[in-house]
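Here is entry01.cif, consisting of mmCIF, N, CA, C and O atoms and all ligand atoms:
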data_data
#
loop_
_atom_site.label_atom_id
_atom_site.label_comp_id
_atom_site.auth_asym_id
_atom_site.auth_seq_id
_atom_site.Cartn_x
_atom_site.Cartn_y
_atom_site.Cartn_z
N MET A 1 -163.06 87.28 0.24
CA MET A 1 -163.14 86.74 -1.12
C MET A 1 -163.74 87.78 -2.06
O MET A 1 -164.74 88.39 -1.77
N THR A 2 -163.09 87.94 -3.18
CA THR A 2 -163.63 88.84 -4.18
C THR A 2 -164.08 88.04 -5.39
O THR A 2 -163.52 86.99 -5.69
N ALA A 3 -165.08 88.52 -6.08
CA ALA A 3 -165.63 87.80 -7.23
C ALA A 3 -164.70 87.93 -8.43
O ALA A 3 -164.69 87.10 -9.32
N VAL A 4 -163.91 88.99 -8.42
CA VAL A 4 -163.01 89.22 -9.55
C VAL A 4 -161.68 88.53 -9.28
O VAL A 4 -161.02 88.79 -8.29
N LYS A 5 -161.32 87.63 -10.18
CA LYS A 5 -160.05 86.92 -10.02
C LYS A 5 -158.88 87.85 -10.33
O LYS A 5 -158.99 88.70 -11.19
N SER A 6 -157.80 87.65 -9.62
CA SER A 6 -156.61 88.43 -9.92
C SER A 6 -156.07 87.95 -11.26
O SER A 6 -156.38 86.85 -11.72
N ARG A 7 -155.27 88.81 -11.89
CA ARG A 7 -154.69 88.44 -13.17
C ARG A 7 -153.83 87.17 -13.03
O ARG A 7 -153.87 86.29 -13.88
N ALA A 8 -153.08 87.09 -11.95
CA ALA A 8 -152.22 85.92 -11.74
C ALA A 8 -153.05 84.65 -11.61
O ALA A 8 -152.71 83.61 -12.17
N ALA A 9 -154.17 84.73 -10.91
CA ALA A 9 -155.03 83.56 -10.71
C ALA A 9 -155.66 83.13 -12.03
O ALA A 9 -155.77 81.94 -12.33
N GLU A 10 -156.05 84.12 -12.84
CA GLU A 10 -156.66 83.82 -14.13
C GLU A 10 -155.65 83.14 -15.06
O GLU A 10 -155.95 82.17 -15.74
N LEU A 11 -154.42 83.68 -15.07
CA LEU A 11 -153.37 83.10 -15.91
C LEU A 11 -153.06 81.68 -15.46
O LEU A 11 -152.89 80.78 -16.28
N ALA A 12 -152.99 81.48 -14.15
CA ALA A 12 -152.67 80.15 -13.61
C ALA A 12 -153.74 79.15 -14.02
O ALA A 12 -153.44 78.01 -14.36
N GLU A 13 -155.00 79.58 -13.99
CA GLU A 13 -156.10 78.70 -14.36
C GLU A 13 -156.01 78.32 -15.84
O GLU A 13 -156.14 77.16 -16.21
N LEU A 14 -155.78 79.33 -16.69
CA LEU A 14 -155.65 79.08 -18.13
C LEU A 14 -154.51 78.11 -18.41
O LEU A 14 -154.63 77.18 -19.19
N LEU A 15 -153.38 78.36 -17.74
CA LEU A 15 -152.20 77.53 -17.94
C LEU A 15 -152.50 76.08 -17.55
O LEU A 15 -152.14 75.15 -18.26
N GLN A 16 -153.18 75.93 -16.42
CA GLN A 16 -153.51 74.59 -15.92
C GLN A 16 -154.37 73.84 -16.93
O GLN A 16 -154.13 72.67 -17.23
N LEU A 17 -155.38 74.54 -17.46
CA LEU A 17 -156.28 73.92 -18.44
C LEU A 17 -155.51 73.54 -19.70
O LEU A 17 -155.70 72.47 -20.28
N ARG A 18 -154.62 74.44 -20.12
CA ARG A 18 -153.84 74.22 -21.36
C ARG A 18 -152.91 73.03 -21.18
O ARG A 18 -152.82 72.18 -22.06
N ILE A 19 -152.24 72.94 -20.03
CA ILE A 19 -151.30 71.83 -19.78
C ILE A 19 -152.06 70.51 -19.64
O ILE A 19 -151.55 69.46 -20.02
N SER A 20 -153.27 70.58 -19.14
CA SER A 20 -154.04 69.35 -18.93
C SER A 20 -154.48 68.72 -20.25
O SER A 20 -154.98 67.60 -20.27
N GLY A 21 -154.27 69.46 -21.37
CA GLY A 21 -154.58 68.89 -22.67
C GLY A 21 -156.02 69.03 -23.10
O GLY A 21 -156.47 68.35 -24.01
N MET A 22 -156.76 69.90 -22.42
CA MET A 22 -158.17 70.13 -22.79
C MET A 22 -158.28 70.79 -24.16
O MET A 22 -157.40 71.54 -24.57
N THR A 23 -159.38 70.52 -24.84
CA THR A 23 -159.66 71.22 -26.10
C THR A 23 -160.28 72.58 -25.75
O THR A 23 -160.71 72.80 -24.62
N THR A 24 -160.33 73.47 -26.74
CA THR A 24 -160.93 74.78 -26.48
C THR A 24 -162.41 74.62 -26.10
O THR A 24 -162.93 75.37 -25.28
N ALA A 25 -163.06 73.62 -26.69
CA ALA A 25 -164.48 73.40 -26.38
C ALA A 25 -164.66 73.00 -24.91
O ALA A 25 -165.56 73.47 -24.23
N GLU A 26 -163.75 72.15 -24.43
CA GLU A 26 -163.82 71.71 -23.03
C GLU A 26 -163.52 72.86 -22.08
O GLU A 26 -164.16 73.01 -21.03
N MET A 27 -162.53 73.69 -22.45
CA MET A 27 -162.19 74.85 -21.61
C MET A 27 -163.36 75.84 -21.57
O MET A 27 -163.67 76.40 -20.52
N ALA A 28 -163.98 76.04 -22.73
CA ALA A 28 -165.11 76.98 -22.81
C ALA A 28 -166.24 76.52 -21.89
O ALA A 28 -166.84 77.32 -21.17
N LEU A 29 -166.50 75.22 -21.92
CA LEU A 29 -167.56 74.65 -21.09
C LEU A 29 -167.22 74.84 -19.61
O LEU A 29 -168.06 75.25 -18.81
N LYS A 30 -165.97 74.57 -19.26
CA LYS A 30 -165.54 74.65 -17.87
C LYS A 30 -165.60 76.08 -17.33
O LYS A 30 -166.01 76.31 -16.20
N LEU A 31 -165.18 77.04 -18.15
CA LEU A 31 -165.13 78.43 -17.68
C LEU A 31 -166.42 79.19 -17.97
O LEU A 31 -166.59 80.33 -17.53
N GLY A 32 -167.33 78.57 -18.73
CA GLY A 32 -168.60 79.24 -19.02
C GLY A 32 -168.48 80.42 -19.97
O GLY A 32 -169.24 81.37 -19.87
N ILE A 33 -167.48 80.37 -20.85
CA ILE A 33 -167.35 81.42 -21.87
C ILE A 33 -167.26 80.74 -23.24
O ILE A 33 -167.18 79.52 -23.32
N THR A 34 -167.25 81.54 -24.31
CA THR A 34 -167.24 80.96 -25.66
C THR A 34 -165.84 80.46 -26.05
O THR A 34 -164.83 80.86 -25.46
N ARG A 35 -165.81 79.59 -27.07
CA ARG A 35 -164.51 79.10 -27.56
C ARG A 35 -163.67 80.24 -28.09
O ARG A 35 -162.45 80.24 -27.91
N VAL A 36 -164.31 81.20 -28.74
CA VAL A 36 -163.57 82.35 -29.27
C VAL A 36 -162.91 83.11 -28.12
O VAL A 36 -161.75 83.52 -28.21
N ALA A 37 -163.64 83.27 -27.03
CA ALA A 37 -163.09 83.98 -25.86
C ALA A 37 -161.90 83.20 -25.30
O ALA A 37 -160.90 83.78 -24.88
N ILE A 38 -162.01 81.88 -25.29
CA ILE A 38 -160.90 81.04 -24.81
C ILE A 38 -159.67 81.26 -25.71
O ILE A 38 -158.56 81.49 -25.22
N CYS A 39 -159.88 81.21 -27.03
CA CYS A 39 -158.76 81.39 -27.96
C CYS A 39 -158.11 82.75 -27.76
O CYS A 39 -156.89 82.87 -27.75
N ASN A 40 -158.94 83.78 -27.60
CA ASN A 40 -158.40 85.13 -27.40
C ASN A 40 -157.57 85.19 -26.11
O ASN A 40 -156.48 85.77 -26.09
N ARG A 41 -158.08 84.61 -25.05
CA ARG A 41 -157.36 84.65 -23.78
C ARG A 41 -156.04 83.89 -23.85
O ARG A 41 -155.03 84.32 -23.31
N LEU A 42 -156.06 82.74 -24.52
CA LEU A 42 -154.83 81.95 -24.64
C LEU A 42 -153.79 82.71 -25.45
O LEU A 42 -152.61 82.72 -25.12
N GLU A 43 -154.26 83.37 -26.51
CA GLU A 43 -153.33 84.14 -27.34
C GLU A 43 -152.76 85.31 -26.55
O GLU A 43 -151.56 85.59 -26.59
N GLN A 44 -153.62 86.00 -25.82
CA GLN A 44 -153.16 87.14 -25.01
C GLN A 44 -152.17 86.68 -23.94
O GLN A 44 -151.23 87.40 -23.60
N ALA A 45 -152.39 85.48 -23.43
CA ALA A 45 -151.51 84.95 -22.37
C ALA A 45 -150.21 84.40 -22.95
O ALA A 45 -149.31 84.03 -22.21
N GLY A 46 -150.12 84.33 -24.29
CA GLY A 46 -148.90 83.83 -24.91
C GLY A 46 -148.82 82.32 -25.00
O GLY A 46 -147.75 81.76 -25.17
N ILE A 47 -149.97 81.64 -24.84
CA ILE A 47 -149.99 80.18 -24.93
C ILE A 47 -151.08 79.72 -25.89
O ILE A 47 -151.98 78.99 -25.52
N PRO A 48 -150.99 80.17 -27.17
CA PRO A 48 -152.01 79.79 -28.15
C PRO A 48 -152.03 78.29 -28.42
O PRO A 48 -151.02 77.61 -28.20
N MET A 49 -153.18 77.77 -28.85
CA MET A 49 -153.31 76.33 -29.13
C MET A 49 -152.36 75.89 -30.24
O MET A 49 -152.04 74.72 -30.34
N SER A 50 -151.93 76.83 -31.07
CA SER A 50 -151.07 76.48 -32.21
C SER A 50 -149.65 76.13 -31.78
O SER A 50 -148.87 75.63 -32.57
N GLN A 51 -149.32 76.43 -30.52
CA GLN A 51 -147.96 76.12 -30.05
C GLN A 51 -148.00 75.09 -28.93
O GLN A 51 -148.89 75.12 -28.10
N PRO A 52 -147.00 74.19 -28.91
CA PRO A 52 -146.97 73.21 -27.83
C PRO A 52 -146.69 73.92 -26.50
O PRO A 52 -146.01 74.95 -26.48
N ILE A 53 -147.22 73.38 -25.43
CA ILE A 53 -146.99 74.00 -24.11
C ILE A 53 -146.09 73.10 -23.29
O ILE A 53 -146.24 71.88 -23.29
N SER A 54 -145.11 73.69 -22.63
CA SER A 54 -144.20 72.91 -21.81
C SER A 54 -144.78 72.70 -20.42
O SER A 54 -145.38 73.61 -19.85
N PRO A 55 -144.61 71.50 -19.86
CA PRO A 55 -145.09 71.29 -18.48
C PRO A 55 -144.32 72.14 -17.48
O PRO A 55 -144.72 72.27 -16.33
N ARG A 56 -143.20 72.75 -17.92
CA ARG A 56 -142.42 73.62 -17.03
C ARG A 56 -142.91 75.06 -17.06
O ARG A 56 -142.38 75.91 -16.36
N ALA A 57 -143.89 75.33 -17.89
CA ALA A 57 -144.44 76.69 -17.95
C ALA A 57 -145.10 77.01 -16.61
O ALA A 57 -145.62 76.12 -15.93
N ALA A 58 -145.04 78.28 -16.21
CA ALA A 58 -145.62 78.69 -14.93
C ALA A 58 -145.94 80.17 -14.97
O ALA A 58 -145.43 80.90 -15.82
N VAL A 59 -146.77 80.62 -14.03
CA VAL A 59 -147.04 82.04 -13.92
C VAL A 59 -145.91 82.64 -13.10
O VAL A 59 -145.66 82.22 -11.98
N ARG A 60 -145.17 83.59 -13.70
CA ARG A 60 -144.06 84.23 -13.01
C ARG A 60 -144.22 85.75 -13.13
O ARG A 60 -144.95 86.24 -14.00
N SER A 61 -143.52 86.49 -12.28
CA SER A 61 -143.58 87.95 -12.36
C SER A 61 -142.50 88.43 -13.30
O SER A 61 -141.35 87.98 -13.22
N CYS A 62 -142.84 89.37 -14.18
CA CYS A 62 -141.87 89.92 -15.11
C CYS A 62 -140.80 90.68 -14.34
O CYS A 62 -141.11 91.46 -13.42
N LEU A 63 -139.53 90.46 -14.69
CA LEU A 63 -138.43 91.14 -13.98
C LEU A 63 -138.39 92.63 -14.32
O LEU A 63 -137.77 93.41 -13.61
N SER A 64 -139.04 93.02 -15.40
CA SER A 64 -139.02 94.41 -15.81
C SER A 64 -140.21 95.20 -15.26
O SER A 64 -140.04 96.24 -14.65
N CYS A 65 -141.44 94.68 -15.47
CA CYS A 65 -142.63 95.44 -15.04
C CYS A 65 -143.34 94.82 -13.84
O CYS A 65 -144.31 95.39 -13.35
N SER A 66 -142.89 93.67 -13.39
CA SER A 66 -143.45 92.98 -12.21
C SER A 66 -144.85 92.41 -12.41
O SER A 66 -145.41 91.85 -11.48
N ARG A 67 -145.41 92.55 -13.60
CA ARG A 67 -146.74 91.99 -13.81
C ARG A 67 -146.63 90.48 -13.98
O ARG A 67 -145.66 89.98 -14.57
N PRO A 68 -147.64 89.75 -13.49
CA PRO A 68 -147.62 88.30 -13.68
C PRO A 68 -147.85 87.97 -15.15
O PRO A 68 -148.66 88.61 -15.81
N PHE A 69 -147.13 86.99 -15.67
CA PHE A 69 -147.33 86.55 -17.04
C PHE A 69 -147.00 85.07 -17.10
O PHE A 69 -146.43 84.51 -16.16
N ILE A 70 -147.39 84.42 -18.22
CA ILE A 70 -147.08 83.00 -18.35
C ILE A 70 -145.71 82.84 -18.96
O ILE A 70 -145.46 83.24 -20.09
N SER A 71 -144.82 82.31 -18.17
CA SER A 71 -143.44 82.08 -18.57
C SER A 71 -143.36 80.64 -19.07
O SER A 71 -143.76 79.72 -18.37
N THR A 72 -142.89 80.46 -20.31
CA THR A 72 -142.92 79.12 -20.90
C THR A 72 -141.75 78.23 -20.47
O THR A 72 -141.75 77.05 -20.73
N GLN A 73 -140.75 78.80 -19.82
CA GLN A 73 -139.64 78.02 -19.28
C GLN A 73 -138.98 78.83 -18.16
O GLN A 73 -139.14 80.05 -18.12
N PRO A 74 -138.22 78.18 -17.26
CA PRO A 74 -137.64 78.90 -16.12
C PRO A 74 -136.79 80.11 -16.49
O PRO A 74 -136.73 81.09 -15.73
N ALA A 75 -136.13 80.09 -17.66
CA ALA A 75 -135.27 81.21 -18.05
C ALA A 75 -136.06 82.37 -18.67
O ALA A 75 -135.51 83.43 -18.93
N HIS A 76 -137.32 82.15 -18.91
CA HIS A 76 -138.19 83.16 -19.53
C HIS A 76 -138.77 84.06 -18.43
O HIS A 76 -139.73 83.70 -17.77
N ARG A 77 -138.13 85.23 -18.19
CA ARG A 77 -138.53 86.05 -17.05
C ARG A 77 -138.99 87.46 -17.42
O ARG A 77 -139.24 88.28 -16.55
N ILE A 78 -139.01 87.76 -18.71
CA ILE A 78 -139.47 89.09 -19.16
C ILE A 78 -140.72 88.88 -20.02
O ILE A 78 -140.70 88.05 -20.94
N CYS A 79 -141.79 89.59 -19.73
CA CYS A 79 -143.02 89.40 -20.48
C CYS A 79 -142.90 89.90 -21.92
O CYS A 79 -142.01 90.70 -22.23
N ASP A 80 -143.80 89.43 -22.78
CA ASP A 80 -143.75 89.80 -24.19
C ASP A 80 -143.86 91.31 -24.39
O ASP A 80 -143.26 91.88 -25.28
N CYS A 81 -144.65 91.94 -23.54
CA CYS A 81 -144.86 93.38 -23.66
C CYS A 81 -143.53 94.11 -23.46
O CYS A 81 -143.19 95.02 -24.22
N CYS A 82 -142.76 93.73 -22.46
CA CYS A 82 -141.48 94.40 -22.18
C CYS A 82 -140.41 94.00 -23.20
O CYS A 82 -139.49 94.78 -23.45
N ARG A 83 -140.51 92.82 -23.77
CA ARG A 83 -139.49 92.37 -24.73
C ARG A 83 -139.69 93.00 -26.10
O ARG A 83 -138.74 93.12 -26.86
N SER A 84 -140.92 93.37 -26.42
CA SER A 84 -141.16 93.87 -27.77
C SER A 84 -140.85 95.36 -27.87
O SER A 84 -140.76 96.06 -26.89
ZN ZN A 101 -143.01 93.13 -18.34
#

Take the structure from the file and write it as structure tokens.
Amino acid sequence: MTAVKSRAAELAELLQLRISGMTTAEMALKLGITRVAICNRLEQAGIPMSQPISPRAAVRSCLSCSRPFISTQPAHRICDCCRS
């Protein structure tokens, strides 16, 4: 066991909290970080509070760079970094 979570595990956790309908305050409390940090992480992960989240969203590997990212639907297989 390592104390540092893998990127995929961190994304999966964020996604789970976001889908569960928690507020940023509740997520901050659960993860022990500030609300601002939560907002930053959600934005970086591509699932900001300003956008609805689909229950079909999942952590998938980018077909281009192989890095794990939050895919908002099954057909979404290229990360934002590679698409831009
Ligand atoms: Zn990529």

Inset, instruction - Have a look at A:Ala12, A:Leu17, A:Cys62, A:Ala75 and name the one nearest to ligand ZN 101 (chain A); count all atoms listed in the file. - result: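 For ligand ZN 101 (chain A), the nearest of the candidates is A:Cys62.
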
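Contacts with ligand ZN 101 (chain A) are defined as any residue atom within 7 Å of a ligand atom, using all atoms listed in the file; the residues meeting this criterion are Ser61, Cys62, Leu63, Ser64, Cys65, Ser66, Arg67, Arg77, Ile78, Cys79, Asp80, Cys81, Cys82 and Arg83 of chain A.
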
Inset, instruction - Rounded to one decimal place, report the atom C of Ala58 in chain A-CA of Ile70 in chain A distance in Å. - result: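 These two atoms are separated by 4.6 Å.
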
Inset, instruction - as an MDAnalysis selection string, please: all residues of chain A that backbone DSSP puts in alpha helix (DSSP H). - result: chainID A and resid 7:19 24:31 35:44 80:83

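Among the candidates A:Thr23, A:Leu31, A:Leu11, A:Val4, the one nearest to Phe69 in chain A when counting all atoms listed in the file is A:Leu11.
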
Legend entry - Backbone-only DSSP, strand (DSSP E or B) members of chain A, as JSON, numbers by chain: {"A": [58, 59, 60, 61, 68, 69, 70, 71]}

Inset, instruction - Can you work out the spacing between CA of Arg60 in chain A and atom C of His76 in chain A in Å, to one decimal? - result: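 For CA of Arg60 in chain A relative to atom C of His76 in chain A, the distance reads 7.6 Å.
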
Inset, instruction - For range 45-49 of chain A, list every protein, DNA or RNA residue within 8 Å, evaluated using all atoms listed in the file, and leave out those in the same chain fewer than 5 positions away; present the list as a list in words. - result: Leu11, Leu14, Leu15, Arg18, Met22, Thr24, Ile38, Cys39, Asn40, Pro68, Phe69, Ile70, Ser71, Thr72 and Asp80 of chain A

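CA of Val59 in chain A sits 10.2 Å away from atom N of Pro74 in chain A.
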
Legend entry - Best match for closeness to Leu42 in chain A among A:Ser84, A:Lys30, A:Lys5, A:Gln16, counting only C-alpha atoms: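 Ranked by minimum distance to Leu42 in chain A, first place goes to A:Gln16.
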